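Note sheet for the following structure.
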Protein chains: 2
Amino acid sequence: MARVSLKFLASELGLAEGTVSRALNDYPDISEATRTRVKALADQYDYRANHSARRLATGVAEAVAYLMPPNTGSISEPFVAQLLTGLGQSLATRGWDLLVVQSPSAEQEGDAIRRLASSGKVSGVVLSRPYKEDARIKLLQEVGLPFIVHGRAQNYADYAWYDVDSETAFMDAVDHLAMLGHRRIGFIGAPTYYNFAQTRLDGFRKGVMHNGLPADEALIEIGEIGDSGGERAASVLLSSAKQPTAILCATDTQAIGALAAARARNLTPGQDISIIGYDGLDIGRHTNPPLTTMAQPQAYSGRQIGDMLLAIIDGGSPTDFQELRSAELVRRLSDGPLRPTTLETNIFHGGKK
Amino acid sequence: MARVSLKFLASELGLAEGTVSRALNDYPDISEATRTRVKALADQYDYRANHSARRLATGVAEAVAYLMPPNTGSISEPFVAQLLTGLGQSLATRGWDLLVVQSPSAEQEGDAIRRLASSGKVSGVVLSRPYKEDARIKLLQEVGLPFIVHGRAQNYADYAWYDVDSETAFMDAVDHLAMLGHRRIGFIGAPTYYNFAQTRLDGFRKGVMHNGLPADEALIEIGEIGDSGGERAASVLLSSAKQPTAILCATDTQAIGALAAARARNLTPGQDISIIGYDGLDIGRHTNPPLTTMAQPQAYSGRQIGDMLLAIIDGGSPTDFQELRSAELVRRLSDGPLRPTTLETNIFHGGKK
DNA sequence: CTTGATTCCGAAAGCGCTTTCGGAATAGCG
DNA sequence: CGCTATTCCGAAAGCGCTTTCGGAATCAAG
């Protein structure tokens, strides 16, 4: 692992360091002849500029940080790997690095951001899963570090973001269920300090109103993200007297928990009760029954977010980079038309036997 | 975002740059008085040493890379986020950075490693999910970059690794099934260029032999990692004339696919057929039925791997850092005793009606 | 053959930090 | 009070690269 330096190449070639550097970086004041000569030797020695030196000299970090959502340890985030892969691909087009940074706790995220900014380690940041009121966004704006948000906060006018329109998706899902005859539609949400959770709840409510359905707060239950949270929330909804005939879940993992809760009550999802998730997780194909879900274009996002961030770092105006994608309903087998008998049974006996 | 420099602090304090630097880094030749004075001002200005400059001067990268397994984009890797979180925690104890690097294809991983080594970007690497014969390991040894492998290759004598003893786990699982009366035990494996796949298959075979069960290659089916691969493999096993009464799967996601395949054939897992997975995924609690699985101590691994790598970077001998954890069987409801009737039915009709 | 414009490269400064070295100031000792 | 041993800090070199600037060599034109 002989770490080759510019100086070495220069002496080997009988050139000055500066000349070699400019040759390697395609400066126009270097003759074609020496340029190729230099590059050949660099290749041969597998030369790679020391990044720290280069960064120090140029002042550009050539790296971007992904702020890992706090408290990720316990939950296995299905999307993180995919997002990182996409980001990495985007950055690779320039040879930039991808840093993963996290803070020990949500409270200390501000410090982590401040540290990032003042150390000059990165030229940009991607922030995931914002809160409704997100201090991190304000902070990033203050310190002047280019950034893009994966998702949106409540106020999303003056920064760059990439999001999926889950509000519309949930409205559509309510439409869909209403069309199937459902009138008592339940909603399992996530903690509403997450803005995505609020958005989906809003979409649900609008859908309910739009379809002229009874807006009953008892049909709304908030649970933790994840299958256990979904199961608990579904249990609450299903054991209430005014049991819903369909349930919309804020995430697929919650929906999987809800499926389990339904089966535990001898309700067959797709027949006795409709359950729809959101995310489009592959694993939903093999749940029992296969999960109807609103699928978002995941594969695409990381790459796109990276490209957008790079454009901003290059001087683009953040507000020019706000992209809203839409989700689409993927019907599998966990939803179905309202069955009158089910409804009646539910009403009179609080659940199917 | 006034980026404060050493020079600025020095002039502000009426000291030399070098003195300020040594004060900040707790050199013993600085009086307590000026040390506190310096640190106070540094605090006040939220001073953070420019990382590139520091790295250049010291020659240590203060960063570690995680080599993202190739082809991760399509699959949602449930473990990556958790591993990264643990790694990050470990690195945070020193203020080091975590880089995520990937190569466009498996073939180009060598280049990626070489680039890492010659650019001096990182002082160490963690490699995941090794192949049986893993050229990356040899390469890392050649270039002299400290590293640790999450998992083991076939030959695992001369480098550092952290692994879970899945061979024993699968032997135990066969024992368990044999004790329940099963004799025709199937195995759904992953592609055996992954060493973990080979290991689990080996464990299965040893278990079969150890229990004096018929070693029938037709009971072994290799599928892709993931639920769809598991479903396909299970379909093959279940439609063969010599249908197994129990199936061991190399991963939980495969097992989830296998559960679906069984249900599709009107076999009730846990009763008509036993299905056991490996990984201990949370979501297995809410499959139908809840999945019996061999759980590995996930939460612990990232942190531990990071600590081990740091110790090696500090000069520890890689072979002193080889840690084998064990998995434990978590019984849920997808396994059960052999039911003679089922067996007969299977034999005569190739499946329960 | 002289002159002015080009082409190409060397020299040197500087990015912000660390670290060695030497020396001034102070302390300890006889 | 003089001398050596300590304590503490300043000065300067250097990490490996980029980039500006100026000058030597080459060219074309007069």
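Residue numbering restarts at 1 for every chain of the structure tokens, chains are lettered A, B, ... in their displayed order, and ligands are numbered from 1 as they appear.
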
**OP:** If you run DSSP over the backbone, which residues in region 225-309 of chain A end up helix (DSSP H, G or I)? Put them as number ranges by chain.
**Re:** A: 227-239, 252-264, 282-286, 298-309

When DSSP works through the backbone of this structure, what residues of region 122-222 of chain B end up as strand (DSSP E or B), shown as a short mmCIF file (atom, residue, chain, number, x, y, z; two decimals) with N, CA, C and O atoms, in the first residue's frame?
data_model
loop_
_atom_site.label_atom_id
_atom_site.label_comp_id
_atom_site.auth_asym_id
_atom_site.auth_seq_id
_atom_site.Cartn_x
_atom_site.Cartn_y
_atom_site.Cartn_z
N GLY B 124 -10.37 2.49 8.66
CA GLY B 124 -10.83 1.12 8.82
C GLY B 124 -12.10 0.88 8.05
O GLY B 124 -12.75 1.81 7.58
N VAL B 125 -12.44 -0.39 7.92
CA VAL B 125 -13.57 -0.78 7.08
C VAL B 125 -14.35 -1.89 7.75
O VAL B 125 -13.75 -2.76 8.38
N VAL B 126 -15.67 -1.84 7.62
CA VAL B 126 -16.42 -3.03 8.01
C VAL B 126 -17.12 -3.60 6.79
O VAL B 126 -17.72 -2.88 5.99
N LEU B 127 -16.97 -4.87 6.67
CA LEU B 127 -17.44 -5.61 5.49
C LEU B 127 -18.57 -6.52 5.92
O LEU B 127 -18.45 -7.23 6.91
N SER B 128 -19.66 -6.51 5.18
CA SER B 128 -20.81 -7.29 5.57
C SER B 128 -21.02 -8.48 4.66
O SER B 128 -20.66 -8.45 3.49
N TYR B 131 -18.73 -13.54 1.06
CA TYR B 131 -18.92 -14.73 0.23
C TYR B 131 -18.08 -15.86 0.79
O TYR B 131 -17.26 -15.65 1.67
N PHE B 147 -9.66 -3.89 9.10
CA PHE B 147 -11.06 -4.18 8.78
C PHE B 147 -11.60 -5.25 9.70
O PHE B 147 -10.86 -5.97 10.37
N ILE B 148 -12.92 -5.33 9.71
CA ILE B 148 -13.58 -6.41 10.43
C ILE B 148 -14.73 -6.89 9.57
O ILE B 148 -15.38 -6.10 8.88
N VAL B 149 -14.97 -8.17 9.60
CA VAL B 149 -16.03 -8.74 8.78
C VAL B 149 -17.24 -9.06 9.65
O VAL B 149 -17.10 -9.64 10.73
N HIS B 150 -18.38 -8.62 9.19
CA HIS B 150 -19.63 -8.97 9.85
C HIS B 150 -20.11 -10.26 9.20
O HIS B 150 -20.70 -10.26 8.12
N ALA B 160 -10.27 -10.36 11.52
CA ALA B 160 -11.23 -10.14 12.59
C ALA B 160 -12.65 -10.33 12.07
O ALA B 160 -12.96 -9.95 10.95
N TRP B 161 -13.51 -10.89 12.88
CA TRP B 161 -14.90 -11.04 12.47
C TRP B 161 -15.81 -11.08 13.68
O TRP B 161 -15.40 -11.36 14.80
N TYR B 162 -17.04 -10.82 13.38
CA TYR B 162 -18.11 -10.94 14.37
C TYR B 162 -19.21 -11.74 13.69
O TYR B 162 -19.66 -11.37 12.60
N ASP B 163 -19.60 -12.81 14.27
CA ASP B 163 -20.58 -13.65 13.58
C ASP B 163 -21.50 -14.32 14.60
O ASP B 163 -21.23 -14.34 15.80
N VAL B 164 -22.59 -14.82 14.08
CA VAL B 164 -23.51 -15.59 14.90
C VAL B 164 -23.40 -17.04 14.44
O VAL B 164 -23.31 -17.31 13.25
N ILE B 185 -37.63 -33.41 6.95
CA ILE B 185 -37.45 -31.98 7.18
C ILE B 185 -36.84 -31.32 5.95
O ILE B 185 -35.81 -31.77 5.44
N GLY B 186 -37.52 -30.32 5.47
CA GLY B 186 -37.01 -29.62 4.28
C GLY B 186 -36.16 -28.42 4.67
O GLY B 186 -36.17 -27.96 5.81
N PHE B 187 -35.42 -27.92 3.71
CA PHE B 187 -34.55 -26.77 3.97
C PHE B 187 -34.64 -25.79 2.80
O PHE B 187 -34.47 -26.18 1.64
N ILE B 188 -34.92 -24.56 3.12
CA ILE B 188 -34.90 -23.50 2.10
C ILE B 188 -33.68 -22.64 2.36
O ILE B 188 -33.57 -22.00 3.40
N GLY B 189 -32.78 -22.69 1.40
CA GLY B 189 -31.52 -21.98 1.61
C GLY B 189 -31.39 -20.76 0.72
O GLY B 189 -32.24 -20.47 -0.12
N TYR B 194 -22.89 -16.96 -0.82
CA TYR B 194 -22.84 -16.32 0.49
C TYR B 194 -22.42 -17.37 1.49
O TYR B 194 -23.02 -18.43 1.57
N ILE B 220 -33.91 -30.22 -0.15
CA ILE B 220 -33.17 -28.96 -0.05
C ILE B 220 -33.45 -28.11 -1.28
O ILE B 220 -33.35 -28.60 -2.41
N GLU B 221 -33.86 -26.90 -1.04
CA GLU B 221 -34.20 -26.03 -2.15
C GLU B 221 -33.57 -24.65 -1.92
O GLU B 221 -33.74 -24.06 -0.85
N ILE B 222 -32.85 -24.17 -2.91
CA ILE B 222 -32.21 -22.87 -2.76
C ILE B 222 -33.06 -21.80 -3.43
O ILE B 222 -33.54 -21.98 -4.55
#

Original post:
Quick one: which residues from chain D are at most 7 Å off chain B, using only C-alpha atoms (C1' of nucleotides), as a PyMOL selection string?
Top reply: chain D and resi 8-10+15

**OP:** Skip DG22 (chain D) itself and residues of its chain fewer than 3 positions away, then list as a PyMOL selection string all residues within 12 Å of it, counting only C-alpha atoms (C1' of nucleotides).
**Re:** chain C and resi 9-12

**OP:** Write out as a list in words which residues come within 9 Å of region 316-328 of chain B when counting only C-alpha atoms (C1' of nucleotides), dropping same-chain ones fewer than 6 positions away.
**Re:**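 Listing them by chain and then by number gives Pro146, Phe147, Ile148, Tyr156, Ala157, Asp158, Tyr159, Ala160, Trp161, Tyr162, Asp163, Val164, Asp165, Ser166, Thr168, Ala169, Tyr278, Asp279, Gly280, Thr293, Met294, Ala295, Gln296, Pro297, Met308, Leu309 and Leu310 of chain B.
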
Original post:
So which one's closest to chain C, B:Asp46, B:Ser52, B:Ala173, B:Arg37? Using only C-alpha atoms (C1' of nucleotides), please.
Top reply: B:Ser52

Subject >> Gap from CA of Thr251 (chain A) to CA of Asp252 (chain B) - Å, one decimal >> reply: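 Result for CA of Thr251 (chain A) versus CA of Asp252 (chain B): 20.4 Å, one decimal.
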
Which residues of chain A have any atom within 7 Å of an atom in chain B when counting only C-alpha atoms, and what is the closest pair of atoms for each, with the distance in Å to one decimal? Order the rows by chain and rising number and write it as a Markdown table.
| residue | atom | partner | partner_atom | distance |
| --- | --- | --- | --- | --- |
| A:Met1 | CA | B:Val143 | CA | 4.8 |
| A:Arg3 | CA | B:Ser118 | CA | 5.9 |
| A:Arg48 | CA | B:Ser119 | CA | 5.3 |
| A:Ala49 | CA | B:Ser119 | CA | 6.0 |
| A:Asn50 | CA | B:Ser119 | CA | 4.9 |
| A:His51 | CA | B:Ser119 | CA | 6.1 |
| A:Ser52 | CA | B:Ser52 | CA | 4.5 |
| A:Ala53 | CA | B:Leu56 | CA | 5.9 |
| A:Arg55 | CA | B:Ser52 | CA | 6.3 |
| A:Leu56 | CA | B:Ser52 | CA | 5.6 |
| A:Thr72 | CA | B:Gln82 | CA | 6.8 |
| A:Gly73 | CA | B:Gln82 | CA | 5.1 |
| A:Ser76 | CA | B:Pro78 | CA | 5.1 |
| A:Glu77 | CA | B:Pro78 | CA | 6.0 |
| A:Pro78 | CA | B:Ser76 | CA | 5.0 |
| A:Phe79 | CA | B:Ser76 | CA | 6.3 |
| A:Val80 | CA | B:Ala81 | CA | 5.9 |
| A:Ala81 | CA | B:Val80 | CA | 5.9 |
| A:Gln82 | CA | B:Gly73 | CA | 5.0 |
| A:Thr85 | CA | B:Gly73 | CA | 6.0 |
| A:Gly88 | CA | B:Gln102 | CA | 7.0 |
| A:Leu98 | CA | B:Val100 | CA | 5.6 |
| A:Leu99 | CA | B:Leu99 | CA | 4.5 |
| A:Val100 | CA | B:Leu98 | CA | 5.6 |
| A:Gln102 | CA | B:Gly88 | CA | 7.0 |
| A:Ser118 | CA | B:Arg3 | CA | 5.9 |
| A:Ser119 | CA | B:Asn50 | CA | 4.9 |
| A:Gly120 | CA | B:Asn50 | CA | 6.2 |
| A:Lys121 | CA | B:His51 | CA | 6.4 |
| A:Val143 | CA | B:Met1 | CA | 4.9 |
| A:Gly144 | CA | B:Met1 | CA | 6.8 |
| A:Asp227 | CA | B:Ile283 | CA | 6.4 |
| A:Ile256 | CA | B:His286 | CA | 6.7 |
| A:Gly257 | CA | B:His286 | CA | 5.7 |
| A:Ala260 | CA | B:His286 | CA | 5.5 |
| A:Ile283 | CA | B:Asp227 | CA | 6.4 |
| A:His286 | CA | B:Ala260 | CA | 5.5 |
| A:Thr287 | CA | B:Thr287 | CA | 6.7 |
| A:Asn288 | CA | B:Asn288 | CA | 6.4 |
| A:Ala299 | CA | B:Gly73 | CA | 7.0 |

**OP:** Within 12 Å of DT26 (chain D), counting only C-alpha atoms (C1' of nucleotides), which residues show up once you throw out same-chain ones fewer than 4 positions away? Write them as a list in words, please.
**Re:**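 Near neighbours after the sequence-gap exclusion: DA5, DT6, DT7 and DC8 of chain C.
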
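Nearest to chain B of all the residues C:DA24, C:DT19, C:DT2, C:DG14 is C:DT19, based on only C-alpha atoms (C1' of nucleotides).
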
**OP:** Work out how far CA of Asn195 (chain A) is from CA of Arg183 (chain A), in Å to one decimal.
**Re:** 26.6 Å

Each residue of chain C with at least one atom at most 8 Å from chain B should appear once, together with its nearest atom pair and the corresponding distance in Å (one decimal); atoms considered: only C-alpha atoms (C1' of nucleotides); ordering: chain, then increasing residue number; output as a tab-separated table.
residue	atom	partner	partner_atom	distance
C:DC15	C1'	B:Ala53	CA	7.8
C:DG16	C1'	B:Ala53	CA	5.1
C:DC17	C1'	B:Ala53	CA	4.9
C:DT18	C1'	B:Ala57	CA	5.5

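The space separating CA of Arg136 (chain A) from CA of Ile113 (chain A) comes to 7.7 Å.
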
Subject >> Contact residues around Gly181 (chain B) with only C-alpha atoms (C1' of nucleotides) at 9 Å, ignoring same-chain residues under 6 positions, as JSON, numbers by chain >> reply: {"B": [337, 338, 339]}

Subject >> Best match for closeness to Gly336 (chain B) among B:Thr292, B:Gln304, B:Gln271, B:Ser235, counting only C-alpha atoms >> reply: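 Checking each candidate against Gly336 (chain B), we get B:Gln271 as the closest.
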